[in-house]
Amino acid sequence: MNFKKGMLMLVASLVLTLVACGSDDASSDENSNEGVNYSEEVEHTIIGIEPGAGITVTTEKAIEEYDSLSGWNLEASSTAAMITELEEAINAEEPIVVTGWNPHWMFAQFPDMKYLEDPKGVYGEAENIVTLARQGLESDHPEAFKLIDQFKWSVEDMEQIMYDANQNDEEISTVAEKWIEDNEDKVSEWTDGVGEGDGSTITLASTPWDSERASSSVLKIVLEQQGFEVDVTPVDPSIVFESVANGDADATAAAWLPFTHADFYESVKDDVVDLGPNLEGAKIGLVVPSYMDIDSIEDLEAAE
Ligand code: PBE
């Protein structure tokens with residue numbers, strides 16, 4: 001056991017020496033991390049979120065695909081627990097590797113963080129959040145369908161609601177109402193040409209994360225203003241896709257594609273109507289504090 005540890009140290013210092021020799025312009029500051037093995041310090045563990053999240057599935061794929069993550073564990077618990085661990089690590093300037101994503105307020109709250117480069121593209125390039133409708137929604141409720149189809153906003157819009165709710169400790173639905181009042185121009189594009197609703201109920205499938213609480217709150221309020229009743233059901237992503245495919249839900253604005261929810265989408269894609277992105281430029285990946293002197297998933301080290 002000691003021998004193994006000794007070998008690891010030897011390999012680690014060899015690597016560090018090579019790295020140091022290879023970069024002529026490395027300042028002495030950058031070398032002050034010599035001897036640090038982040039992967040050992042974090043016990044080869046990525047702090048993740050809920051087991052049912054798309055990012056959990058994607059991270060399990062990353063652990064399989066990257067040699068540097070061989071033998072690593074993904075600790076899946078909850079978004080709240082992940083944020084708590086992240087905050088504690090940052091306050092103590094300790095290393096930590098988490099699953100992170102945008103839109104979210106975590107980068108506003110902890111600006112000193114970075115995504116690790118993902119040369120194998122497991123987490124993909126820029127991601128979109130896509131709206132899906134059930135087959136038949138257009139003919140059953142053409143006005144609601146038109147509004148849902150015209151719902152489009154930006155990363156900044158969504159993050160503003162998420163950030164304000166978190167900062168002021170307010171319900172996302174309350175903040176969403178204010179956002180709608182302040183953004184009449186955008187909302188009027190969604191309702192452009194949409195006739196009055198007939199009071200029928202539209203069921204939106206959503207997920208339990210703040211990002212989707214924001215989008216479904218906004219959509220719900222605007223649909224209600226237009227004369228519909230709206231039910232929002234927050235469920236695991238796999239159920240979101242299933243329920244739109246089997247018609248239990250009318251639509252969802254919560255599909256992260258083409259990467260995060262790829263597997264869920266693949267199994268239902270012939271049974272849903274794809275209305276395209278409602279938000280462009282989302283992102284998921286492995287995130288670390290900037291004080292960790294690594295840039296890529298490949299800079300991590302296998303556990304065995
Ligand atoms: N997320 C936020 C979710 C979707 C929304 C990236 C954490 C996920 O399924 O991974």
# chains A, B, ... in the order shown; residues from 1 in each chain; ligands from 1
$ residues_near_ligand --ligand "ligand 1" --cutoff "7 Å" --atoms "only C-alpha atoms and all ligand atoms" --output "MDAnalysis selection string"
chainID A and resid 53:56 101 209 211:212 237 256 260:261 284
$ write_last_selection --atoms "N, CA, C and O atoms" --output "compact mmCIF listing (two decimals), in the first residue's frame"
# COMPACT_ATOMS: atom_id res chain seq x y z
N ALA A 53 -31.27 13.35 -12.98
CA ALA A 53 -30.95 14.47 -13.87
C ALA A 53 -30.20 13.98 -15.11
O ALA A 53 -29.45 13.00 -15.07
N GLY A 54 -30.39 14.71 -16.20
CA GLY A 54 -29.64 14.40 -17.41
C GLY A 54 -28.15 14.53 -17.19
O GLY A 54 -27.35 13.73 -17.69
N ILE A 55 -27.74 15.52 -16.41
CA ILE A 55 -26.32 15.77 -16.19
C ILE A 55 -25.68 14.61 -15.40
O ILE A 55 -24.48 14.36 -15.52
N THR A 56 -26.49 13.89 -14.65
CA THR A 56 -25.99 12.71 -13.92
C THR A 56 -25.67 11.59 -14.92
O THR A 56 -24.58 11.00 -14.87
N TRP A 101 -24.03 23.90 -14.51
CA TRP A 101 -24.76 24.22 -15.74
C TRP A 101 -25.18 25.68 -15.75
O TRP A 101 -25.23 26.34 -14.72
N TRP A 209 -35.84 21.76 -11.30
CA TRP A 209 -34.74 22.71 -11.15
C TRP A 209 -35.23 24.15 -11.35
O TRP A 209 -36.23 24.38 -12.05
N SER A 211 -34.20 26.51 -13.15
CA SER A 211 -34.29 26.96 -14.55
C SER A 211 -35.68 26.65 -15.11
O SER A 211 -36.31 27.49 -15.77
N GLU A 212 -36.16 25.45 -14.84
CA GLU A 212 -37.46 25.05 -15.39
C GLU A 212 -38.62 25.56 -14.55
O GLU A 212 -39.73 25.71 -15.05
N PRO A 237 -36.70 14.19 -15.56
CA PRO A 237 -36.66 14.34 -17.02
C PRO A 237 -37.21 13.13 -17.78
O PRO A 237 -37.93 13.29 -18.76
N TRP A 256 -33.53 19.63 -22.44
CA TRP A 256 -32.17 20.12 -22.70
C TRP A 256 -31.55 19.23 -23.78
O TRP A 256 -31.23 18.07 -23.52
N THR A 260 -27.84 16.87 -23.04
CA THR A 260 -28.16 16.51 -21.65
C THR A 260 -29.24 15.42 -21.57
O THR A 260 -29.13 14.48 -20.80
N HIS A 261 -30.29 15.57 -22.37
CA HIS A 261 -31.39 14.62 -22.30
C HIS A 261 -31.44 13.71 -23.53
O HIS A 261 -32.50 13.19 -23.88
N ILE A 284 -23.72 22.53 -19.98
CA ILE A 284 -23.48 21.69 -18.81
C ILE A 284 -22.04 21.20 -18.85
O ILE A 284 -21.41 21.18 -19.90
$ residues_around --residues "range 266-281 of chain A" --least-positions-apart "4" --cutoff "7 Å" --atoms "only C-alpha atoms" --output "number ranges by chain"
A: 126-135, 149, 151-155, 241-242, 244-245, 262
$ closest_residue --among "A:Glu85, A:Asp248, A:Asp231, A:Asp169" --to "Val98 in chain A" --atoms "only C-alpha atoms"
A:Glu85
$ residues_around --residues "Ser39 in chain A" --least-positions-apart "5" --cutoff "6 Å" --atoms "only C-alpha atoms" --output "short mmCIF file (atom, residue, chain, number, x, y, z; two decimals) with C-alpha atoms, in the first residue's frame"
data_model
loop_
_atom_site.label_atom_id
_atom_site.label_comp_id
_atom_site.auth_asym_id
_atom_site.auth_seq_id
_atom_site.Cartn_x
_atom_site.Cartn_y
_atom_site.Cartn_z
CA HIS A 44 -11.69 10.91 -7.00
CA LEU A 300 -7.56 15.00 -13.64
CA GLU A 301 -5.98 11.69 -12.68
#
$ select_by_dssp --residues "range 68-296 of chain A" --states "strand (DSSP E)" --output "PyMOL selection string"
chain A and resi 73-75+98-102+113-115+127-134+201-206+229-234+251-257+272-289
$ atom_distance --atom1 "CA of Glu40 in chain A" --atom2 "CA of Thr79 in chain A"
23.5 Å
